[in-house]
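A.B. asks: Handing over my_file_37.txt, compact mmCIF, N, CA and C atoms and all ligand atoms.
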# COMPACT_ATOMS: atom_id res chain seq x y z
N MET A 11 19.83 -21.62 -16.63
CA MET A 11 18.40 -21.60 -16.89
C MET A 11 17.97 -20.19 -17.26
N THR A 12 17.42 -20.05 -18.42
CA THR A 12 17.05 -18.72 -18.93
C THR A 12 15.98 -18.08 -18.04
N GLY A 13 16.22 -16.81 -17.73
CA GLY A 13 15.22 -16.07 -16.98
C GLY A 13 15.14 -16.44 -15.51
N HIS A 14 16.18 -17.08 -15.02
CA HIS A 14 16.15 -17.51 -13.62
C HIS A 14 16.02 -16.32 -12.67
N ALA A 15 16.81 -15.27 -12.93
CA ALA A 15 16.76 -14.09 -12.05
C ALA A 15 15.37 -13.46 -12.10
N ASP A 16 14.78 -13.39 -13.28
CA ASP A 16 13.43 -12.82 -13.40
C ASP A 16 12.43 -13.66 -12.62
N ALA A 17 12.58 -14.99 -12.73
CA ALA A 17 11.66 -15.88 -12.02
C ALA A 17 11.77 -15.67 -10.51
N GLU A 18 13.00 -15.48 -10.04
CA GLU A 18 13.18 -15.25 -8.60
C GLU A 18 12.55 -13.94 -8.16
N ARG A 19 12.73 -12.91 -9.00
CA ARG A 19 12.10 -11.62 -8.66
C ARG A 19 10.58 -11.77 -8.58
N GLN A 20 10.02 -12.50 -9.55
CA GLN A 20 8.57 -12.71 -9.55
C GLN A 20 8.13 -13.44 -8.29
N LEU A 21 8.89 -14.46 -7.94
CA LEU A 21 8.55 -15.23 -6.75
C LEU A 21 8.59 -14.33 -5.52
N ASP A 22 9.62 -13.51 -5.42
CA ASP A 22 9.71 -12.61 -4.28
C ASP A 22 8.49 -11.70 -4.21
N ARG A 23 8.11 -11.18 -5.35
CA ARG A 23 6.97 -10.28 -5.41
C ARG A 23 5.69 -11.02 -5.00
N ALA A 24 5.54 -12.24 -5.52
CA ALA A 24 4.35 -13.05 -5.19
C ALA A 24 4.35 -13.38 -3.69
N GLU A 25 5.53 -13.67 -3.16
CA GLU A 25 5.62 -13.98 -1.72
C GLU A 25 5.27 -12.75 -0.89
N ARG A 26 5.74 -11.58 -1.33
CA ARG A 26 5.39 -10.37 -0.58
C ARG A 26 3.89 -10.14 -0.60
N LEU A 27 3.27 -10.39 -1.75
CA LEU A 27 1.82 -10.20 -1.86
C LEU A 27 1.09 -11.16 -0.91
N GLN A 28 1.57 -12.41 -0.86
CA GLN A 28 0.97 -13.37 0.08
C GLN A 28 1.10 -12.89 1.52
N ARG A 29 2.25 -12.34 1.83
CA ARG A 29 2.47 -11.86 3.20
C ARG A 29 1.61 -10.63 3.50
N ALA A 30 1.41 -9.78 2.50
CA ALA A 30 0.53 -8.61 2.69
C ALA A 30 -0.90 -9.07 2.97
N VAL A 31 -1.34 -10.12 2.26
CA VAL A 31 -2.68 -10.66 2.49
C VAL A 31 -2.77 -11.26 3.90
N ALA A 32 -1.71 -11.98 4.30
CA ALA A 32 -1.71 -12.56 5.64
C ALA A 32 -1.74 -11.47 6.71
N ARG A 33 -1.07 -10.36 6.45
CA ARG A 33 -1.00 -9.25 7.41
C ARG A 33 -2.33 -8.50 7.50
N ASP A 34 -2.90 -8.17 6.34
CA ASP A 34 -4.06 -7.25 6.30
C ASP A 34 -5.39 -7.96 6.14
N GLY A 35 -5.35 -9.26 5.86
CA GLY A 35 -6.60 -10.00 5.68
C GLY A 35 -6.90 -10.22 4.21
N PRO A 36 -7.75 -11.23 3.92
CA PRO A 36 -7.98 -11.67 2.54
C PRO A 36 -9.02 -10.84 1.80
N ALA A 37 -8.96 -9.51 1.99
CA ALA A 37 -9.90 -8.62 1.31
C ALA A 37 -9.14 -7.42 0.78
N CYS A 38 -9.68 -6.80 -0.25
CA CYS A 38 -9.07 -5.57 -0.76
C CYS A 38 -9.03 -4.54 0.38
N VAL A 39 -7.86 -3.96 0.62
CA VAL A 39 -7.73 -3.04 1.74
C VAL A 39 -8.56 -1.77 1.54
N TRP A 40 -8.96 -1.50 0.31
CA TRP A 40 -9.71 -0.25 0.02
C TRP A 40 -11.22 -0.47 -0.01
N CYS A 41 -11.68 -1.43 -0.81
CA CYS A 41 -13.14 -1.60 -0.98
C CYS A 41 -13.70 -2.73 -0.15
N GLY A 42 -12.83 -3.58 0.39
CA GLY A 42 -13.29 -4.64 1.27
C GLY A 42 -13.77 -5.90 0.56
N ARG A 43 -13.72 -5.91 -0.77
CA ARG A 43 -14.14 -7.14 -1.47
C ARG A 43 -13.16 -8.27 -1.18
N GLU A 44 -13.72 -9.47 -1.01
CA GLU A 44 -12.87 -10.63 -0.74
C GLU A 44 -11.98 -10.89 -1.95
N LEU A 45 -10.70 -11.14 -1.67
CA LEU A 45 -9.74 -11.40 -2.74
C LEU A 45 -9.69 -12.90 -3.00
N SER A 46 -10.54 -13.34 -3.89
CA SER A 46 -10.55 -14.75 -4.26
C SER A 46 -11.32 -14.87 -5.57
N GLY A 47 -11.13 -16.00 -6.23
CA GLY A 47 -11.86 -16.23 -7.46
C GLY A 47 -11.62 -15.14 -8.49
N LEU A 48 -12.67 -14.44 -8.89
CA LEU A 48 -12.55 -13.44 -9.96
C LEU A 48 -11.90 -12.16 -9.47
N VAL A 49 -11.95 -11.91 -8.16
CA VAL A 49 -11.34 -10.69 -7.60
C VAL A 49 -9.92 -11.03 -7.17
N ARG A 50 -8.99 -10.82 -8.09
CA ARG A 50 -7.60 -11.21 -7.82
C ARG A 50 -6.88 -10.14 -7.00
N ALA A 51 -5.98 -10.61 -6.14
CA ALA A 51 -5.13 -9.69 -5.39
C ALA A 51 -4.06 -9.12 -6.30
N THR A 52 -3.88 -7.80 -6.22
CA THR A 52 -2.77 -7.16 -6.92
C THR A 52 -1.98 -6.35 -5.91
N THR A 53 -0.72 -6.10 -6.24
CA THR A 53 0.13 -5.33 -5.34
C THR A 53 -0.09 -3.85 -5.56
N ASP A 54 -0.52 -3.15 -4.51
CA ASP A 54 -0.69 -1.70 -4.55
C ASP A 54 0.37 -1.08 -3.64
N HIS A 55 0.98 0.01 -4.09
CA HIS A 55 2.03 0.65 -3.30
C HIS A 55 1.48 1.86 -2.55
N LEU A 56 1.67 1.90 -1.23
CA LEU A 56 1.19 3.05 -0.46
C LEU A 56 1.82 4.32 -1.01
N VAL A 57 3.14 4.39 -1.02
CA VAL A 57 3.84 5.47 -1.73
C VAL A 57 4.01 4.98 -3.16
N PRO A 58 3.34 5.65 -4.11
CA PRO A 58 3.41 5.15 -5.50
C PRO A 58 4.85 5.04 -5.99
N ARG A 59 5.06 4.07 -6.87
CA ARG A 59 6.40 3.88 -7.44
C ARG A 59 6.91 5.17 -8.08
N VAL A 60 6.01 5.92 -8.74
CA VAL A 60 6.44 7.16 -9.41
C VAL A 60 6.86 8.23 -8.41
N GLN A 61 6.48 8.07 -7.15
CA GLN A 61 6.91 9.00 -6.10
C GLN A 61 8.13 8.46 -5.35
N GLY A 62 8.71 7.41 -5.90
CA GLY A 62 9.90 6.84 -5.27
C GLY A 62 9.61 5.78 -4.23
N GLY A 63 8.36 5.30 -4.19
CA GLY A 63 8.00 4.29 -3.20
C GLY A 63 8.76 2.99 -3.44
N PRO A 64 9.34 2.42 -2.38
CA PRO A 64 10.14 1.19 -2.55
C PRO A 64 9.27 -0.06 -2.68
N SER A 65 9.83 -1.09 -3.30
CA SER A 65 9.16 -2.39 -3.41
C SER A 65 9.48 -3.21 -2.16
N TRP A 66 8.99 -2.73 -1.05
CA TRP A 66 9.14 -3.41 0.23
C TRP A 66 7.77 -3.85 0.69
N LEU A 67 7.74 -4.92 1.48
CA LEU A 67 6.47 -5.37 2.04
C LEU A 67 5.79 -4.22 2.80
N GLU A 68 6.60 -3.39 3.48
CA GLU A 68 6.02 -2.29 4.26
C GLU A 68 5.34 -1.23 3.39
N ASN A 69 5.69 -1.21 2.10
CA ASN A 69 5.06 -0.24 1.20
C ASN A 69 4.00 -0.89 0.32
N GLU A 70 3.78 -2.18 0.53
CA GLU A 70 2.88 -2.91 -0.36
C GLU A 70 1.65 -3.40 0.39
N VAL A 71 0.50 -3.26 -0.26
CA VAL A 71 -0.76 -3.77 0.28
C VAL A 71 -1.47 -4.54 -0.83
N ALA A 72 -2.40 -5.40 -0.44
CA ALA A 72 -3.14 -6.19 -1.43
C ALA A 72 -4.45 -5.46 -1.74
N ALA A 73 -4.61 -5.12 -3.00
CA ALA A 73 -5.83 -4.45 -3.44
C ALA A 73 -6.38 -5.19 -4.64
N CYS A 74 -7.68 -5.01 -4.88
CA CYS A 74 -8.25 -5.60 -6.08
C CYS A 74 -7.76 -4.77 -7.29
N ARG A 75 -7.87 -5.38 -8.44
CA ARG A 75 -7.38 -4.71 -9.65
C ARG A 75 -8.13 -3.40 -9.91
N ARG A 76 -9.43 -3.40 -9.62
CA ARG A 76 -10.23 -2.19 -9.85
C ARG A 76 -9.71 -1.03 -9.00
N CYS A 77 -9.53 -1.26 -7.70
CA CYS A 77 -9.05 -0.18 -6.83
C CYS A 77 -7.64 0.25 -7.23
N ASN A 78 -6.79 -0.73 -7.51
CA ASN A 78 -5.42 -0.42 -7.91
C ASN A 78 -5.42 0.48 -9.13
N GLY A 79 -6.26 0.14 -10.11
CA GLY A 79 -6.31 0.92 -11.34
C GLY A 79 -6.94 2.29 -11.14
N GLU A 80 -8.04 2.33 -10.39
CA GLU A 80 -8.74 3.61 -10.21
C GLU A 80 -7.94 4.57 -9.34
N ARG A 81 -7.20 4.03 -8.39
CA ARG A 81 -6.39 4.89 -7.54
C ARG A 81 -5.31 5.59 -8.36
N GLY A 82 -4.72 4.86 -9.29
CA GLY A 82 -3.65 5.44 -10.10
C GLY A 82 -2.52 5.92 -9.21
N HIS A 83 -2.13 7.18 -9.35
CA HIS A 83 -1.03 7.72 -8.56
C HIS A 83 -1.51 8.58 -7.40
N ALA A 84 -2.80 8.49 -7.07
CA ALA A 84 -3.33 9.26 -5.94
C ALA A 84 -2.61 8.86 -4.66
N SER A 85 -2.48 9.81 -3.75
CA SER A 85 -1.84 9.49 -2.47
C SER A 85 -2.77 8.55 -1.69
N PRO A 86 -2.20 7.77 -0.76
CA PRO A 86 -3.05 6.84 0.00
C PRO A 86 -4.14 7.56 0.79
N VAL A 87 -3.85 8.73 1.34
CA VAL A 87 -4.89 9.42 2.12
C VAL A 87 -5.98 9.96 1.20
N ASP A 88 -5.61 10.53 0.06
CA ASP A 88 -6.64 10.99 -0.89
C ASP A 88 -7.51 9.83 -1.34
N TRP A 89 -6.88 8.69 -1.61
CA TRP A 89 -7.65 7.53 -2.08
C TRP A 89 -8.51 6.96 -0.95
N LEU A 90 -8.00 6.96 0.26
CA LEU A 90 -8.80 6.51 1.41
C LEU A 90 -10.06 7.37 1.54
N LEU A 91 -9.90 8.68 1.39
CA LEU A 91 -11.06 9.57 1.50
C LEU A 91 -12.06 9.30 0.38
N GLU A 92 -11.55 9.03 -0.82
CA GLU A 92 -12.42 8.71 -1.94
C GLU A 92 -13.18 7.40 -1.66
N CYS A 93 -12.47 6.41 -1.14
CA CYS A 93 -13.12 5.13 -0.81
C CYS A 93 -14.24 5.34 0.20
N ARG A 94 -13.96 6.14 1.21
CA ARG A 94 -14.97 6.36 2.25
C ARG A 94 -16.16 7.14 1.70
N ALA A 95 -15.88 8.06 0.77
CA ALA A 95 -16.98 8.79 0.12
C ALA A 95 -17.86 7.82 -0.68
N ARG A 96 -17.27 6.73 -1.14
CA ARG A 96 -18.03 5.73 -1.88
C ARG A 96 -18.71 4.72 -0.95
N GLY A 97 -18.51 4.88 0.35
CA GLY A 97 -19.12 3.96 1.30
C GLY A 97 -18.34 2.68 1.51
N TRP A 98 -17.09 2.67 1.10
CA TRP A 98 -16.25 1.49 1.27
C TRP A 98 -15.56 1.53 2.63
N PRO A 99 -15.16 0.33 3.13
CA PRO A 99 -14.69 0.25 4.52
C PRO A 99 -13.20 0.58 4.74
N ALA A 100 -12.55 1.28 3.84
CA ALA A 100 -11.14 1.63 4.03
C ALA A 100 -10.98 2.33 5.38
N ASP A 101 -10.00 1.88 6.16
CA ASP A 101 -9.91 2.22 7.58
C ASP A 101 -8.74 3.17 7.86
N PRO A 102 -9.01 4.40 8.33
CA PRO A 102 -7.92 5.33 8.64
C PRO A 102 -6.96 4.79 9.69
N ALA A 103 -7.48 4.05 10.68
CA ALA A 103 -6.59 3.50 11.72
C ALA A 103 -5.65 2.46 11.12
N TRP A 104 -6.16 1.68 10.18
CA TRP A 104 -5.31 0.70 9.50
C TRP A 104 -4.23 1.42 8.69
N LEU A 105 -4.64 2.46 7.93
CA LEU A 105 -3.66 3.16 7.10
C LEU A 105 -2.60 3.83 7.97
N ARG A 106 -3.03 4.34 9.11
CA ARG A 106 -2.07 4.94 10.03
C ARG A 106 -1.03 3.92 10.48
N ARG A 107 -1.49 2.71 10.84
CA ARG A 107 -0.54 1.66 11.25
C ARG A 107 0.42 1.32 10.11
N ARG A 108 -0.12 1.18 8.91
CA ARG A 108 0.73 0.83 7.76
C ARG A 108 1.79 1.92 7.55
N LEU A 109 1.38 3.18 7.58
CA LEU A 109 2.31 4.28 7.32
C LEU A 109 3.34 4.40 8.44
N GLU A 110 2.92 4.09 9.68
CA GLU A 110 3.87 4.13 10.79
C GLU A 110 4.93 3.04 10.61
N GLU A 111 4.50 1.85 10.17
CA GLU A 111 5.48 0.77 9.95
C GLU A 111 6.41 1.11 8.79
N LEU A 112 5.86 1.72 7.76
CA LEU A 112 6.70 2.11 6.62
C LEU A 112 7.71 3.18 7.04
N ASP A 113 7.24 4.16 7.81
CA ASP A 113 8.13 5.21 8.29
C ASP A 113 9.26 4.62 9.14
N ALA A 114 8.91 3.65 9.99
CA ALA A 114 9.92 3.00 10.83
C ALA A 114 10.91 2.20 9.98
N ALA A 115 10.41 1.56 8.93
CA ALA A 115 11.30 0.78 8.05
C ALA A 115 12.27 1.70 7.32
N VAL A 116 11.76 2.85 6.85
CA VAL A 116 12.63 3.81 6.17
C VAL A 116 13.69 4.34 7.14
N ALA A 117 13.26 4.63 8.36
CA ALA A 117 14.20 5.15 9.36
C ALA A 117 15.29 4.11 9.65
N ALA A 118 14.90 2.84 9.70
CA ALA A 118 15.86 1.77 10.04
C ALA A 118 16.82 1.50 8.89
N ARG A 119 16.32 1.56 7.64
CA ARG A 119 17.15 1.17 6.49
C ARG A 119 17.85 2.35 5.85
N GLY A 120 17.34 3.55 6.10
CA GLY A 120 17.96 4.73 5.51
C GLY A 120 17.58 4.91 4.06
N GLY A 121 18.13 5.98 3.46
CA GLY A 121 17.83 6.27 2.06
C GLY A 121 16.40 6.74 1.88
N GLN A 122 15.84 6.46 0.70
CA GLN A 122 14.44 6.82 0.41
C GLN A 122 14.22 8.32 0.58
N ARG A 123 15.08 9.10 -0.04
CA ARG A 123 15.01 10.55 0.16
C ARG A 123 13.76 11.17 -0.42
N ARG A 124 13.16 10.51 -1.43
CA ARG A 124 11.90 11.03 -1.97
C ARG A 124 10.71 10.48 -1.19
N ALA A 125 10.77 9.21 -0.86
CA ALA A 125 9.61 8.57 -0.22
C ALA A 125 9.43 9.04 1.22
N ARG A 126 10.54 9.32 1.90
CA ARG A 126 10.44 9.60 3.33
C ARG A 126 9.56 10.82 3.65
N PRO A 127 9.81 11.99 3.02
CA PRO A 127 8.93 13.13 3.32
C PRO A 127 7.49 12.90 2.87
N TYR A 128 7.32 12.11 1.83
CA TYR A 128 5.97 11.76 1.36
C TYR A 128 5.24 10.97 2.44
N VAL A 129 5.91 9.96 2.98
CA VAL A 129 5.31 9.13 4.04
C VAL A 129 4.95 10.01 5.24
N GLN A 130 5.86 10.90 5.61
CA GLN A 130 5.62 11.70 6.82
C GLN A 130 4.47 12.67 6.62
N ALA A 131 4.35 13.23 5.42
CA ALA A 131 3.22 14.12 5.14
C ALA A 131 1.90 13.34 5.18
N GLN A 132 1.90 12.13 4.64
CA GLN A 132 0.70 11.29 4.66
C GLN A 132 0.34 10.90 6.09
N LEU A 133 1.37 10.63 6.86
CA LEU A 133 1.16 10.24 8.26
C LEU A 133 0.53 11.38 9.05
N ARG A 134 1.00 12.60 8.83
CA ARG A 134 0.38 13.76 9.51
C ARG A 134 -1.10 13.86 9.14
N ARG A 135 -1.40 13.66 7.86
CA ARG A 135 -2.80 13.78 7.43
C ARG A 135 -3.67 12.68 8.02
N VAL A 136 -3.17 11.44 8.02
CA VAL A 136 -4.00 10.34 8.50
C VAL A 136 -4.17 10.41 10.02
N ARG A 137 -3.17 10.97 10.70
CA ARG A 137 -3.32 11.14 12.15
C ARG A 137 -4.40 12.16 12.46
N ARG A 138 -4.49 13.21 11.67
CA ARG A 138 -5.58 14.18 11.86
C ARG A 138 -6.93 13.52 11.59
N LEU A 139 -6.99 12.69 10.53
CA LEU A 139 -8.23 11.98 10.22
C LEU A 139 -8.64 11.05 11.35
N ALA A 140 -7.68 10.25 11.80
CA ALA A 140 -7.98 9.27 12.85
C ALA A 140 -8.38 9.99 14.13
N GLY A 141 -7.78 11.19 14.36
CA GLY A 141 -8.09 11.95 15.57
C GLY A 141 -9.50 12.49 15.58
N THR A 142 -10.08 12.72 14.39
CA THR A 142 -11.42 13.29 14.33
C THR A 142 -12.47 12.24 13.98
N ALA A 143 -12.01 10.99 13.80
CA ALA A 143 -12.96 9.94 13.37
C ALA A 143 -13.94 9.61 14.50
ZN ZN A 201 -10.89 -2.89 -4.09
Would you encode the structure as structure tokens?
C.D. replies:
Amino acid sequence: MTGHADAERQLDRAERLQRAVARDGPACVWCGRELSGLVRATTDHLVPRVQGGPSWLENEVAACRRCNGERGHASPVDWLLECRARGWPADPAWLRRRLEELDAAVAARGGQRRARPYVQAQLRRVRRLAGTA
């Protein structure tokens, strides 16, 4: 069957997105808009792909297309601060939990030589934010 491997990859990606929504709730993690109807869920990577972020559920969150596009390659903490400046409900405590799980996944699986220091630097920043919130 032509394209079978591609179809499986797509399914895996779609399944991960469903699981991210189940984990974080049916709203954009950044702006809080409900992900339904015209506001479609898209996969956003905490550690951007260009920074070596892996395609793991632990690195993936469900965001609306607008936030995904506007964030671009900004770090998750920089983008969280931008969201909050806009009055959106992006939650430092939530981001801290996500980054802690990602850090634990990297520690357990190994590798990720580019993503690992990136995650740890972001974790230090979000812990300072959460501490002063
Ligand atoms: Zn959004």
A.B. asks: What parts of region 22-141 of chain A does DSSP call alpha helix (DSSP H)? I'd like the answer as a PyMOL selection string.
C.D. replies: chain A and resi 22-34+75-81+86-95+102-119+125-141
A.B. asks: Which value, in Å to one decimal, gives the distance between atom C of Tyr128 (chain A) and CA of Val57 (chain A)?
C.D. replies: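 Taking atom C of Tyr128 (chain A) and CA of Val57 (chain A), their separation equals 7.0 Å.
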A.B. asks: Can you work out which one of A:Ser46, A:Asn69, A:Thr52, A:Asn78 has the shortest atom-to-atom distance to ligand ZN 201 (chain A), counting all atoms listed in the file?
C.D. replies: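 Ranking A:Ser46, A:Asn69, A:Thr52, A:Asn78 by distance to ligand ZN 201 (chain A), first place goes to A:Asn78.
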A.B. asks: Chain A: which residues are strand (DSSP E) by DSSP, as an MDAnalysis selection string?
C.D. replies: chainID A and resid 51:55 70:74
A.B. asks: Neighbouring residues of Val129 (chain A) were defined as those with any atom within 8 Å, considering only N, CA and C atoms; residues of the same chain fewer than 6 positions away were excluded. Please report them as a list in words.
C.D. replies: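 Returned residues: Leu56, Val57, Leu109, Glu110, Leu112, Asp113 and Arg135 of chain A.
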